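Colleague: Just one file: run_36.txt, with compact mmCIF, C-alpha atoms.
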```txt
# COMPACT_ATOMS: atom_id res chain seq x y z
CA MET A 1 -10.95 3.58 -1.14
CA GLU A 2 -10.63 6.35 0.49
CA GLY A 3 -11.06 5.23 -1.31
CA GLU A 4 -11.61 5.98 -1.82
CA ALA A 5 -12.32 5.06 -1.99
CA SER A 6 -11.64 5.85 -1.55
CA PRO A 7 -12.26 8.12 -1.95
CA MET A 8 -16.34 12.30 -4.99
CA ILE A 9 -21.17 18.68 -13.43
CA VAL A 10 -21.02 18.25 -16.55
CA ASN A 11 -24.27 20.22 -16.63
CA GLY A 12 -23.45 22.76 -13.93
CA ASP A 13 -22.93 25.60 -16.39
CA GLY A 14 -26.49 26.81 -16.39
CA HIS A 15 -27.29 25.49 -19.91
CA SER A 16 -30.50 23.66 -20.61
CA PRO A 17 -30.25 19.85 -20.94
CA LYS A 18 -30.66 20.03 -24.71
CA LEU A 19 -27.86 22.55 -25.13
CA LEU A 20 -25.69 20.49 -22.81
CA ASP A 21 -26.32 17.31 -24.79
CA GLN A 22 -25.38 19.15 -27.99
CA LYS A 23 -22.21 20.49 -26.33
CA MET A 24 -21.24 17.04 -25.15
CA THR A 25 -21.92 15.59 -28.62
CA ASP A 26 -19.69 18.23 -30.19
CA GLU A 27 -16.93 17.47 -27.66
CA THR A 28 -17.19 13.78 -28.46
CA ALA A 29 -16.95 14.38 -32.19
CA ALA A 30 -13.94 16.65 -31.74
CA LEU A 31 -12.12 14.14 -29.61
CA GLN A 32 -12.82 11.30 -32.01
CA ALA A 33 -11.66 13.42 -34.94
CA ASN A 34 -8.30 13.93 -33.23
CA GLY A 35 -7.74 10.28 -32.45
CA SER A 36 -9.20 7.85 -30.00
CA PRO A 37 -8.59 8.90 -26.43
CA ALA A 38 -9.06 5.30 -25.42
CA ASP A 39 -5.34 4.85 -25.93
CA ALA A 40 -4.52 7.33 -23.17
CA SER A 41 -3.36 5.90 -19.87
CA LEU A 42 -6.32 7.21 -17.95
CA THR A 43 -8.47 5.73 -15.27
CA SER A 44 -11.50 6.78 -13.29
CA SER A 45 -11.43 7.56 -9.58
CA LEU A 46 -12.38 4.88 -7.05
CA HIS A 47 -13.40 7.30 -4.18
CA THR A 48 -14.15 10.54 -6.14
CA SER A 49 -17.33 11.72 -7.77
CA PRO A 50 -18.65 14.50 -9.99
CA SER A 51 -19.97 17.50 -8.18
CA PRO A 52 -21.81 20.30 -9.92
CA ILE A 53 -20.54 23.64 -8.61
CA THR A 54 -22.67 26.60 -9.51
CA ASN A 55 -23.05 30.05 -8.09
CA ASN A 56 -26.32 31.77 -7.25
CA ASN A 57 -26.70 32.94 -10.84
CA GLY A 58 -26.53 29.39 -12.21
CA MET A 59 -23.11 29.94 -13.75
CA ASN A 60 -20.46 27.26 -13.63
CA ASP A 61 -17.75 28.04 -11.08
CA THR A 62 -15.10 26.95 -13.58
CA ALA A 63 -15.99 29.79 -15.88
CA ASN A 64 -15.73 32.33 -13.08
CA ASN A 65 -12.50 31.10 -11.57
CA GLY A 66 -9.81 32.72 -13.59
CA LYS A 67 -6.30 33.36 -12.41
CA GLY A 68 -7.40 36.60 -10.79
CA ASN A 69 -9.63 34.92 -8.21
CA LYS A 70 -7.82 31.64 -7.69
CA PRO A 71 -8.52 30.39 -4.15
CA PRO A 72 -5.74 30.25 -1.53
CA PHE A 73 -3.58 27.14 -1.52
CA PRO A 74 -5.08 25.69 1.72
CA ILE A 75 -8.51 25.79 0.09
CA ILE A 76 -7.14 24.14 -3.06
CA LEU A 77 -5.47 21.45 -0.98
CA TRP A 78 -8.69 20.81 0.94
CA ARG A 79 -10.61 20.39 -2.30
CA PHE A 80 -7.86 18.15 -3.65
CA THR A 81 -8.41 15.75 -0.75
CA ARG A 82 -12.03 15.11 -1.89
CA PRO A 83 -13.40 16.06 1.53
CA HIS A 84 -16.39 13.72 1.58
CA THR A 85 -14.05 10.71 1.40
CA LEU A 86 -11.72 12.21 4.00
CA ILE A 87 -14.62 12.77 6.38
CA GLY A 88 -15.71 9.17 5.83
CA SER A 89 -12.32 7.88 6.98
CA ALA A 90 -12.23 10.29 9.93
CA ILE A 91 -15.59 8.95 11.14
CA ALA A 92 -14.98 5.29 10.35
CA ILE A 93 -11.80 4.67 12.33
CA PRO A 94 -13.01 5.99 15.72
CA SER A 95 -16.23 4.01 15.24
CA ILE A 96 -14.27 0.83 14.55
CA PHE A 97 -12.14 1.46 17.65
CA LEU A 98 -15.24 1.94 19.78
CA LEU A 99 -16.77 -1.23 18.34
CA ALA A 100 -13.62 -3.19 19.22
CA SER A 101 -13.33 -1.80 22.77
CA PRO A 102 -14.26 -4.22 25.58
CA THR A 103 -16.33 -1.49 27.23
CA TYR A 104 -17.32 1.99 26.15
CA SER A 105 -15.29 3.54 28.97
CA SER A 106 -12.11 1.74 27.85
CA PHE A 107 -12.22 3.69 24.60
CA PHE A 108 -11.61 6.96 26.47
CA THR A 109 -8.36 5.96 28.16
CA PRO A 110 -5.18 7.86 27.21
CA SER A 111 -3.54 4.78 25.68
CA ALA A 112 -6.59 4.03 23.51
CA LEU A 113 -6.85 7.62 22.31
CA ARG A 114 -3.14 7.73 21.45
CA SER A 115 -3.50 4.51 19.49
CA LEU A 116 -6.53 5.95 17.72
CA ALA A 117 -4.67 9.13 16.77
CA TYR A 118 -1.78 7.06 15.44
CA ALA A 119 -4.23 5.21 13.19
CA VAL A 120 -6.23 8.23 12.01
CA VAL A 121 -3.28 10.33 10.81
CA PRO A 122 -1.73 7.81 8.37
CA SER A 123 -5.21 6.76 7.26
CA LEU A 124 -6.07 10.30 6.20
CA LEU A 125 -2.71 10.62 4.47
CA MET A 126 -3.38 7.38 2.58
CA ASN A 127 -6.83 8.66 1.66
CA LEU A 128 -5.17 11.77 0.23
CA TYR A 129 -2.73 9.63 -1.75
CA ILE A 130 -5.46 7.47 -3.32
CA THR A 131 -7.89 10.25 -4.19
CA GLY A 132 -5.04 12.48 -5.37
CA LEU A 133 -3.61 9.74 -7.57
CA ASN A 134 -7.01 9.26 -9.16
CA GLN A 135 -7.15 12.93 -10.07
CA ILE A 136 -3.59 12.96 -11.42
CA THR A 137 -4.25 10.00 -13.72
CA ASP A 138 -7.68 11.24 -14.82
CA VAL A 139 -7.01 14.85 -15.80
CA GLU A 140 -8.34 14.64 -19.35
CA ILE A 141 -11.40 12.60 -18.49
CA ASP A 142 -12.11 14.86 -15.51
CA LYS A 143 -12.25 17.82 -17.87
CA ILE A 144 -15.39 16.18 -19.24
CA ASN A 145 -16.88 14.44 -16.20
CA LYS A 146 -15.65 16.56 -13.27
CA PRO A 147 -14.30 19.89 -14.55
CA GLU A 148 -14.47 21.48 -11.10
CA LEU A 149 -11.69 19.26 -9.69
CA VAL A 150 -8.64 21.36 -8.92
CA ILE A 151 -6.22 19.82 -11.44
CA ALA A 152 -8.74 19.66 -14.28
CA LYS A 153 -9.76 23.22 -13.45
CA GLY A 154 -6.19 24.51 -13.47
CA ASP A 155 -6.04 25.58 -9.83
CA LEU A 156 -3.38 22.99 -8.97
CA LYS A 157 -0.45 22.08 -11.18
CA LYS A 158 0.02 18.42 -11.90
CA GLY A 159 3.63 18.49 -10.69
CA THR A 160 2.58 20.00 -7.38
CA ALA A 161 -0.12 17.36 -7.01
CA VAL A 162 2.42 14.60 -7.61
CA GLY A 163 4.62 16.01 -4.86
CA ILE A 164 1.68 16.16 -2.45
CA VAL A 165 0.57 12.57 -3.00
CA LEU A 166 4.10 11.17 -2.80
CA ALA A 167 4.75 13.01 0.46
CA ALA A 168 1.44 11.76 1.88
CA LEU A 169 2.21 8.19 0.79
CA LEU A 170 5.71 8.21 2.26
CA ALA A 171 4.55 9.61 5.60
CA SER A 172 1.67 7.13 5.82
CA LEU A 173 3.76 4.05 5.07
CA LEU A 174 6.55 5.17 7.42
CA MET A 175 4.08 5.51 10.27
CA SER A 176 2.90 1.96 9.60
CA VAL A 177 6.34 0.46 10.34
CA THR A 178 8.29 2.77 12.64
CA HIS A 179 6.48 2.80 16.00
CA PRO A 180 7.32 -0.08 18.37
CA SER A 181 3.80 -0.28 19.86
CA TYR A 182 1.40 1.29 17.41
CA SER A 183 2.77 -0.03 14.10
CA THR A 184 0.75 -3.22 14.40
CA PRO A 185 0.13 -5.87 11.71
CA GLY A 186 -3.48 -4.68 11.50
CA LEU A 187 -2.41 -1.11 10.77
CA GLN A 188 0.06 -2.37 8.17
CA VAL A 189 -2.64 -4.42 6.45
CA ALA A 190 -4.95 -1.41 6.38
CA LEU A 191 -2.37 1.03 4.99
CA TRP A 192 -0.29 -1.19 2.71
CA GLY A 193 -3.37 -2.98 1.40
CA SER A 194 -5.05 0.33 0.57
CA PHE A 195 -1.85 1.56 -1.08
CA LEU A 196 -1.43 -1.52 -3.28
CA LEU A 197 -5.04 -1.83 -4.41
CA GLY A 198 -5.50 1.92 -4.78
CA THR A 199 -2.40 2.11 -6.97
CA MET A 200 -3.38 -0.91 -9.07
CA TYR A 201 -6.83 0.57 -9.53
CA SER A 202 -5.49 3.74 -11.13
CA LEU A 203 -2.08 3.18 -12.69
CA PRO A 204 -0.95 1.16 -15.70
CA PRO A 205 -0.28 -1.61 -16.45
CA PHE A 206 -3.15 -2.74 -14.20
CA ARG A 207 -5.75 0.04 -14.48
CA MET A 208 -8.30 -2.17 -12.76
CA LYS A 209 -10.98 0.48 -13.18
CA ARG A 210 -11.26 -0.62 -16.80
CA HIS A 211 -12.40 -4.08 -15.71
CA PRO A 212 -15.67 -4.07 -13.73
CA LEU A 213 -15.13 -7.34 -11.88
CA LEU A 214 -11.61 -6.40 -10.80
CA ALA A 215 -12.85 -2.97 -9.81
CA ALA A 216 -15.60 -4.54 -7.70
CA PHE A 217 -13.01 -6.77 -6.02
CA CYS A 218 -10.93 -3.71 -5.11
CA ILE A 219 -13.93 -1.97 -3.61
CA VAL A 220 -15.01 -4.93 -1.49
CA ALA A 221 -11.44 -5.61 -0.36
CA VAL A 222 -10.71 -2.02 0.67
CA ARG A 223 -14.07 -0.93 2.07
CA GLY A 224 -14.76 -4.29 3.66
CA THR A 225 -11.78 -6.37 4.75
CA ILE A 226 -8.84 -3.97 4.65
CA ILE A 227 -10.35 -0.96 6.41
CA ASN A 228 -12.75 -2.59 8.85
CA ALA A 229 -10.81 -5.72 9.75
CA GLY A 230 -7.41 -4.01 9.58
CA PHE A 231 -8.28 -1.20 11.97
CA TYR A 232 -10.32 -3.54 14.17
CA SER A 233 -7.26 -5.76 14.58
CA HIS A 234 -5.08 -2.71 15.18
CA ALA A 235 -7.44 -1.46 17.89
CA LEU A 236 -7.42 -4.77 19.73
CA SER A 237 -3.65 -5.11 19.57
CA SER A 238 -2.53 -1.56 20.29
CA ALA A 239 -5.26 -0.18 22.54
CA PHE A 240 -7.05 -3.02 24.29
CA GLY A 241 -4.32 -5.59 24.95
CA LYS A 242 -5.74 -8.42 22.85
CA SER A 243 -3.48 -9.51 20.00
CA MET A 244 -5.55 -10.81 17.10
CA GLY A 245 -4.65 -10.90 13.41
CA VAL A 246 -6.87 -9.62 10.64
CA MET A 247 -7.99 -13.06 9.44
CA SER A 248 -8.60 -14.19 12.99
CA CYS A 249 -10.84 -11.15 13.56
CA LEU A 250 -12.82 -11.95 10.45
CA LYS A 251 -13.25 -15.62 11.38
CA ASN A 252 -13.80 -15.40 15.12
CA ASP A 253 -15.30 -11.99 15.93
CA TRP A 254 -18.85 -11.45 14.69
CA LYS A 255 -18.60 -7.68 15.17
CA CYS A 256 -15.65 -7.51 12.79
CA SER A 257 -17.01 -9.93 10.19
CA LEU A 258 -20.50 -8.43 9.98
CA SER A 259 -19.29 -4.83 9.89
CA SER A 260 -16.85 -5.80 7.13
CA LEU A 261 -19.68 -7.40 5.15
CA PHE A 262 -22.02 -4.45 5.61
CA PHE A 263 -19.52 -1.77 4.61
CA GLY A 264 -18.11 -3.89 1.80
CA VAL A 265 -21.55 -3.98 0.17
CA PHE A 266 -22.15 -0.31 0.98
CA GLY A 267 -18.80 0.48 -0.65
CA ILE A 268 -19.89 -1.22 -3.87
CA VAL A 269 -23.09 0.83 -3.91
CA ILE A 270 -21.21 4.11 -3.49
CA ALA A 271 -18.53 3.28 -6.03
CA LEU A 272 -20.93 2.12 -8.76
CA MET A 273 -23.38 4.93 -8.10
CA LYS A 274 -20.63 7.52 -8.62
CA ASP A 275 -19.99 6.01 -12.08
CA VAL A 276 -23.54 6.76 -13.22
CA PRO A 277 -22.94 10.49 -13.99
CA ASP A 278 -19.53 9.63 -15.50
CA ALA A 279 -20.93 7.53 -18.34
CA HIS A 280 -20.28 10.13 -21.05
CA GLY A 281 -16.59 10.62 -20.31
CA ASP A 282 -16.03 6.93 -19.51
CA ARG A 283 -17.50 5.97 -22.86
CA ILE A 284 -15.25 8.42 -24.72
CA PHE A 285 -12.13 7.16 -22.94
CA ASN A 286 -13.08 3.49 -23.27
CA ILE A 287 -13.58 2.93 -19.54
CA LYS A 288 -15.80 -0.16 -19.53
CA SER A 289 -17.57 0.51 -16.25
CA PHE A 290 -20.78 -1.29 -15.37
CA THR A 291 -22.64 1.90 -16.21
CA VAL A 292 -21.16 2.02 -19.72
CA ARG A 293 -21.89 -1.68 -20.22
CA VAL A 294 -25.48 -1.91 -18.96
CA GLY A 295 -26.73 1.68 -18.84
CA GLN A 296 -27.18 4.45 -16.29
CA THR A 297 -30.79 3.68 -15.38
CA LYS A 298 -30.18 0.00 -14.71
CA VAL A 299 -27.12 0.62 -12.51
CA PHE A 300 -28.92 3.39 -10.60
CA ARG A 301 -31.94 1.22 -9.86
CA THR A 302 -29.87 -1.84 -9.01
CA MET A 303 -27.67 0.03 -6.52
CA LYS A 304 -30.68 1.73 -4.94
CA ASN A 305 -32.37 -1.65 -4.48
CA LEU A 306 -29.19 -3.30 -3.19
CA LEU A 307 -28.72 -0.66 -0.51
CA THR A 308 -32.39 -0.83 0.47
CA VAL A 309 -32.12 -4.60 0.91
CA LEU A 310 -28.87 -4.23 2.84
CA PHE A 311 -30.47 -1.88 5.35
CA GLY A 312 -33.56 -4.04 5.55
CA VAL A 313 -31.70 -7.29 6.22
CA PHE A 314 -29.37 -5.83 8.83
CA GLY A 315 -32.26 -3.99 10.46
CA ALA A 316 -34.21 -7.24 10.78
CA ALA A 317 -31.15 -9.07 12.14
CA LEU A 318 -30.56 -6.38 14.77
CA MET A 319 -34.20 -6.52 15.82
CA GLN A 320 -33.86 -10.28 16.26
CA TRP A 321 -30.63 -9.93 18.26
CA ALA A 322 -32.31 -7.33 20.44
CA LEU A 323 -34.76 -10.00 21.63
CA VAL A 324 -31.94 -12.27 22.82
CA ALA A 325 -29.66 -9.55 24.19
CA PRO A 326 -27.95 -10.24 27.53
CA SER A 327 -29.44 -7.11 29.09
CA LEU A 328 -32.23 -4.62 28.55
CA ALA A 329 -29.75 -1.85 27.70
CA VAL A 330 -28.05 -3.93 25.00
CA GLY A 331 -31.41 -4.94 23.58
CA ALA A 332 -32.58 -1.33 23.49
CA ARG A 333 -29.44 -0.20 21.66
CA ARG A 334 -29.68 -2.96 19.07
CA GLY A 335 -33.37 -2.35 18.59
CA LEU A 336 -32.75 1.36 18.09
CA VAL A 337 -30.02 0.75 15.50
CA GLY A 338 -32.22 -1.81 13.76
CA GLY A 339 -35.00 0.76 13.53
CA LEU A 340 -32.55 3.30 12.15
CA CYS A 341 -31.51 0.77 9.50
CA TRP A 342 -35.11 0.46 8.34
CA LEU A 343 -35.43 4.23 8.35
CA ALA A 344 -32.26 4.51 6.23
CA GLY A 345 -33.65 1.95 3.79
CA TRP A 346 -36.85 3.97 3.50
CA SER A 347 -34.78 7.13 2.95
CA THR A 348 -32.76 5.38 0.25
CA ARG A 349 -35.91 4.67 -1.74
CA LYS A 350 -37.66 7.95 -0.98
CA GLU A 351 -34.75 10.14 -2.13
CA ALA A 352 -34.45 8.13 -5.35
CA LYS A 353 -37.99 8.96 -6.45
CA GLY A 354 -38.03 11.34 -9.35
CA VAL A 355 -34.26 11.16 -9.92
CA ASN A 356 -33.39 11.01 -13.59
CA ALA A 357 -30.46 8.58 -13.86
CA GLU A 358 -29.18 10.43 -16.92
CA ASP A 359 -29.12 13.82 -15.18
CA SER A 360 -25.70 14.35 -13.60
CA VAL A 361 -26.87 16.97 -11.11
CA GLU A 362 -29.77 14.89 -9.82
CA VAL A 363 -27.67 11.74 -9.51
CA TYR A 364 -24.90 13.67 -7.74
CA ASP A 365 -27.35 14.99 -5.16
CA TYR A 366 -28.61 11.48 -4.55
CA TYR A 367 -25.04 10.16 -4.41
CA MET A 368 -24.17 12.65 -1.67
CA HIS A 369 -27.28 11.57 0.22
CA LEU A 370 -25.84 8.05 0.22
CA TRP A 371 -22.60 9.43 1.69
CA LYS A 372 -24.62 10.92 4.54
CA LEU A 373 -26.15 7.50 5.20
CA PHE A 374 -22.64 6.06 5.07
CA TYR A 375 -21.47 8.49 7.76
CA LEU A 376 -24.51 7.76 9.93
CA SER A 377 -23.96 4.00 9.57
CA TYR A 378 -20.48 4.32 11.06
CA LEU A 379 -21.72 6.65 13.79
CA VAL A 380 -24.26 4.09 15.05
CA LEU A 381 -22.00 1.07 14.46
CA PRO A 382 -20.55 0.95 18.01
CA PHE A 383 -24.02 0.65 19.54
CA VAL A 384 -24.76 -2.80 18.09
CA LYS A 385 -22.38 -4.63 20.44
```
Would you kindly transcribe this structure into structure tokens?

Modeller:
Amino acid sequence: MEGEASPMIVNGDGHSPKLLDQKMTDETAALQANGSPADASLTSSLHTSPSPITNNNGMNDTANNGKGNKPPFPIILWRFTRPHTLIGSAIAIPSIFLLASPTYSSFFTPSALRSLAYAVVPSLLMNLYITGLNQITDVEIDKINKPELVIAKGDLKKGTAVGIVLAALLASLLMSVTHPSYSTPGLQVALWGSFLLGTMYSLPPFRMKRHPLLAAFCIVAVRGTIINAGFYSHALSSAFGKSMGVMSCLKNDWKCSLSSLFFGVFGIVIALMKDVPDAHGDRIFNIKSFTVRVGQTKVFRTMKNLLTVLFGVFGAALMQWALVAPSLAVGARRGLVGGLCWLAGWSTRKEAKGVNAEDSVEVYDYYMHLWKLFYLSYLVLPFVK
């Protein structure tokens, strides 16, 4: 969810792996000696991930960021948004609009661009709410898994963070209902659906992150149906003069249904892959993620293979559709995107070679490579029609 999905280490302090493992073991023993942290009302982020931040000397940035060199507030706020998830939303919505447009030129009309802007702003605010809420509810676990995050690091006070996410939520939801032309049912589904599932994912009494199947449902619903179908419906209704509900888009428009399927599966891959480096903290805080249940190596390999298959299947389908395209130009575009899908599948496997699934830094680097493929997938999406 932007989830973050929105939307996102532990060994970024320059220590050797053995020293790190000993440090983590000591932390675990200390926590268990003081009482089980599993009772804390904590959840793991849906659209955030660990990111090792080191300087050129190999030192952890957390150790060097005392009060004397605290970054300016705009920088803190930018980091608080989890920029890679924010960028994902900023790329996805224009691509969905362009996919829904009757012609490419119709996308560049003033009315379409105004409608797009009205969708992008509340979407980014909702992304901030979801990723911010995840950080607010996960402060203690983030001190283990993601100590560079601004609340866990001490750069941003928890009370200030609460004010930021509430303001972002209020502004986003107000925009979904107040405009006579642009507050469409599709926009409301996208924003309110993201709000409800993102909140249930993180906050008690639901804390759906603790339950792998429910967590997977949230990911598919947000990354697949809610975002893609919601904004697709909004684009048709507000920009291109064709009123169509979300369910109608999913049932009757192949562009909407297939893009929702593709990015729903891709969303699962990203969300489960980001749990791989979090296994240590999740285990301490009794977060029963798939990684904790079946192991880091198995989840890493399964998600790598799933994404490879996803690119392979859609690449083959696009190649087939290119042969029956109504024109040479359409066939060439579909064929090109199909070839890029196969190239992305090859890249998915190539970059995974040599990655140790139990090394947080290596997995994080691979995880961010998947985000790049995610961005590129949305960038080429409009060219399949």

Colleague: What are the centre and the three edge lengths of an axis-aligned box that wraps all atoms of stretch 212-226 of chain A in the file, given that 6 Å is added to every side, written as JSON and rounded to one decimal in Å?

Modeller:
```
{"center_x": -12.3, "center_y": -4.1, "center_z": -4.5, "size_x": 18.8, "size_y": 18.4, "size_z": 30.5}
```

Colleague: Each residue of stretch 113-173 of chain A with at least one atom at most 9 Å from stretch 223-243 of chain A should appear once, together with its nearest atom pair and the corresponding distance in Å (one decimal); atoms considered: only C-alpha atoms; ordering: chain, then increasing residue number; output as a tab-separated table.

Modeller:
```
residue	atom	partner	partner_atom	distance
A:Leu113	CA	A:Ala239	CA	8.0
A:Arg114	CA	A:Ala239	CA	8.3
A:Ser115	CA	A:Ala239	CA	5.9
A:Leu116	CA	A:Ala235	CA	7.5
A:Ala119	CA	A:Phe231	CA	7.7
```

Colleague: Put those residues in a file: C-alpha atoms, as a PDB file, keeping the file's coordinate frame.

Modeller:
```
ATOM      1  CA  LEU A 113      -6.850   7.620  22.310  1.00  0.00           C
ATOM      2  CA  ARG A 114      -3.140   7.730  21.450  1.00  0.00           C
ATOM      3  CA  SER A 115      -3.500   4.510  19.490  1.00  0.00           C
ATOM      4  CA  LEU A 116      -6.530   5.950  17.720  1.00  0.00           C
ATOM      5  CA  ALA A 119      -4.230   5.210  13.190  1.00  0.00           C
TER       6      ALA A 119
END
```

Colleague: Could you work out how far atom CA of A:Phe311 lies from atom CA of A:Ala344, giving the answer in Å with one decimal?

Modeller: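 Spanning atom CA of A:Ala344 to atom CA of A:Phe311 is a straight-line distance of 6.7 Å.
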
Colleague: With only C-alpha atoms as the basis for distance, which of A:Asn305, A:Ser260, A:Thr184, A:Asn69 is at the shortest distance from A:Met244?

Modeller: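 Among the listed residues, the smallest separation from A:Met244 belongs to A:Thr184.
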
Colleague: Skip A:Ala329 itself and residues of its chain fewer than 6 positions away, then list as JSON, numbers by chain all residues within 12 Å of it, counting all atoms listed in the file.

Modeller: {"A": [322, 323, 335, 336, 383, 384, 385]}

Colleague: For A:Tyr201, which residue among A:Val139, A:Thr131, A:Glu351, A:Ile268 is the nearest when counting all atoms listed in the file?

Modeller: A:Thr131

Colleague: Which neighbours of A:Gly132 fall inside 8 Å, counting all atoms listed in the file, when residues of the same chain fewer than 5 positions from it are skipped, and could you give them as a PyMOL selection string?

Modeller: chain A and resi 80-81+161+165

Colleague: Which residues are close to A:Lys298, i.e. within 12 Å by only C-alpha atoms, leaving aside same-chain residues fewer than 4 positions away? Reply as a list in words.

Modeller: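 Those residues are Leu272, Met273, Val276, Phe290, Thr291, Val292, Arg293, Val294, Thr302, Met303, Lys304, Asn305, Asn356, Ala357 and Glu358 of chain A.
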
Colleague: Figure out the distance between atom CA of A:Ile136 and atom CA of A:Ile151, please, to one decimal in Å.

Modeller: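 Computing it gives 7.3 Å between the two atoms.
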
Colleague: Atom CA of A:Ile87 to atom CA of A:Arg210: how many Å, to one decimal?

Modeller: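 Calculated distance between atom CA of A:Ile87 and atom CA of A:Arg210 is 27.0 Å.
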
Colleague: Nearest to A:Ser377: which of A:Ser347, A:Ser172, A:Ser95, A:Thr85 is it, counting all atoms listed in the file?

Modeller: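 Under the stated criterion, the closest residue is A:Ser95.
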
Colleague: Which of these residues is nearest to A:His84, using all atoms listed in the file: A:Leu128, A:Leu306, A:Val120, A:Leu340?

Modeller: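 Smallest separation from A:His84 among the options: A:Leu128.
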
Colleague: Quick one: residues within 10 Å of A:Leu99, all atoms listed in the file, excluding same-chain residues fewer than 3 positions away - as a count of residues only?

Modeller: 20

Colleague: Skipping near chain neighbours, those fewer than 6 positions away, what residues fall within 12 Å of A:Val177 using only C-alpha atoms, listed as a list in words?

Modeller: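 The contact residues come out as Tyr118, Ala119, Pro122, Leu170, Ala171, Ser183, Thr184, Pro185, Gly186, Leu187, Gln188, Val189, Leu191 and Trp192 of chain A.
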
Colleague: Pick from A:Leu133, A:Val269, A:Ala92, A:Leu77: nearest to A:Leu156, with all atoms listed in the file counted?

Modeller: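 Of A:Leu133, A:Val269, A:Ala92, A:Leu77, the one nearest A:Leu156, counting all atoms listed in the file, is A:Leu77.
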
Colleague: With distances taken over all atoms listed in the file, which residue among A:Ile270, A:Leu213, A:Leu125, A:Ile144 lies nearest A:Ile284?

Modeller: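 Of all the options, A:Ile144 lies closest to A:Ile284.
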
Colleague: Kindly write N, CA, C and O atoms of stretch 121-132 of chain A from the structure just given to a file, as a PDB file, in the first residue's frame.

Modeller:
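Below is the file that was written, selection-v8.pdb:
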```pdb
ATOM      1  N   VAL A 121      -2.619  14.117  -6.087  1.00  0.00           N
ATOM      2  CA  VAL A 121      -2.393  14.779  -4.798  1.00  0.00           C
ATOM      3  C   VAL A 121      -2.957  13.980  -3.628  1.00  0.00           C
ATOM      4  O   VAL A 121      -2.227  13.668  -2.674  1.00  0.00           O
ATOM      5  N   PRO A 122      -4.243  13.608  -3.619  1.00  0.00           N
ATOM      6  CA  PRO A 122      -4.740  12.831  -2.480  1.00  0.00           C
ATOM      7  C   PRO A 122      -4.127  11.441  -2.396  1.00  0.00           C
ATOM      8  O   PRO A 122      -4.022  10.873  -1.302  1.00  0.00           O
ATOM      9  N   SER A 123      -3.721  10.891  -3.546  1.00  0.00           N
ATOM     10  CA  SER A 123      -3.063   9.586  -3.513  1.00  0.00           C
ATOM     11  C   SER A 123      -1.736   9.652  -2.771  1.00  0.00           C
ATOM     12  O   SER A 123      -1.421   8.783  -1.948  1.00  0.00           O
ATOM     13  N   LEU A 124      -0.945  10.681  -3.037  1.00  0.00           N
ATOM     14  CA  LEU A 124       0.329  10.828  -2.343  1.00  0.00           C
ATOM     15  C   LEU A 124       0.120  11.106  -0.856  1.00  0.00           C
ATOM     16  O   LEU A 124       0.889  10.628  -0.008  1.00  0.00           O
ATOM     17  N   LEU A 125      -0.917  11.862  -0.541  1.00  0.00           N
ATOM     18  CA  LEU A 125      -1.236  12.105   0.869  1.00  0.00           C
ATOM     19  C   LEU A 125      -1.641  10.811   1.568  1.00  0.00           C
ATOM     20  O   LEU A 125      -1.252  10.560   2.715  1.00  0.00           O
ATOM     21  N   MET A 126      -2.419   9.977   0.884  1.00  0.00           N
ATOM     22  CA  MET A 126      -2.814   8.691   1.466  1.00  0.00           C
ATOM     23  C   MET A 126      -1.607   7.775   1.616  1.00  0.00           C
ATOM     24  O   MET A 126      -1.495   7.029   2.599  1.00  0.00           O
ATOM     25  N   ASN A 127      -0.703   7.828   0.656  1.00  0.00           N
ATOM     26  CA  ASN A 127       0.536   7.054   0.759  1.00  0.00           C
ATOM     27  C   ASN A 127       1.320   7.474   2.005  1.00  0.00           C
ATOM     28  O   ASN A 127       1.842   6.624   2.745  1.00  0.00           O
ATOM     29  N   LEU A 128       1.388   8.786   2.236  1.00  0.00           N
ATOM     30  CA  LEU A 128       2.064   9.292   3.423  1.00  0.00           C
ATOM     31  C   LEU A 128       1.379   8.803   4.691  1.00  0.00           C
ATOM     32  O   LEU A 128       2.048   8.397   5.664  1.00  0.00           O
ATOM     33  N   TYR A 129       0.054   8.813   4.709  1.00  0.00           N
ATOM     34  CA  TYR A 129      -0.672   8.334   5.882  1.00  0.00           C
ATOM     35  C   TYR A 129      -0.336   6.873   6.190  1.00  0.00           C
ATOM     36  O   TYR A 129      -0.031   6.512   7.333  1.00  0.00           O
ATOM     37  N   ILE A 130      -0.385   6.021   5.165  1.00  0.00           N
ATOM     38  CA  ILE A 130      -0.196   4.583   5.385  1.00  0.00           C
ATOM     39  C   ILE A 130       1.233   4.266   5.808  1.00  0.00           C
ATOM     40  O   ILE A 130       1.461   3.547   6.787  1.00  0.00           O
ATOM     41  N   THR A 131       2.219   4.802   5.083  1.00  0.00           N
ATOM     42  CA  THR A 131       3.601   4.523   5.456  1.00  0.00           C
ATOM     43  C   THR A 131       3.969   5.175   6.790  1.00  0.00           C
ATOM     44  O   THR A 131       4.724   4.606   7.574  1.00  0.00           O
ATOM     45  N   GLY A 132       3.415   6.361   7.052  1.00  0.00           N
ATOM     46  CA  GLY A 132       3.668   7.003   8.335  1.00  0.00           C
ATOM     47  C   GLY A 132       3.053   6.243   9.488  1.00  0.00           C
ATOM     48  O   GLY A 132       3.672   6.081  10.550  1.00  0.00           O
TER      49      GLY A 132
END
```
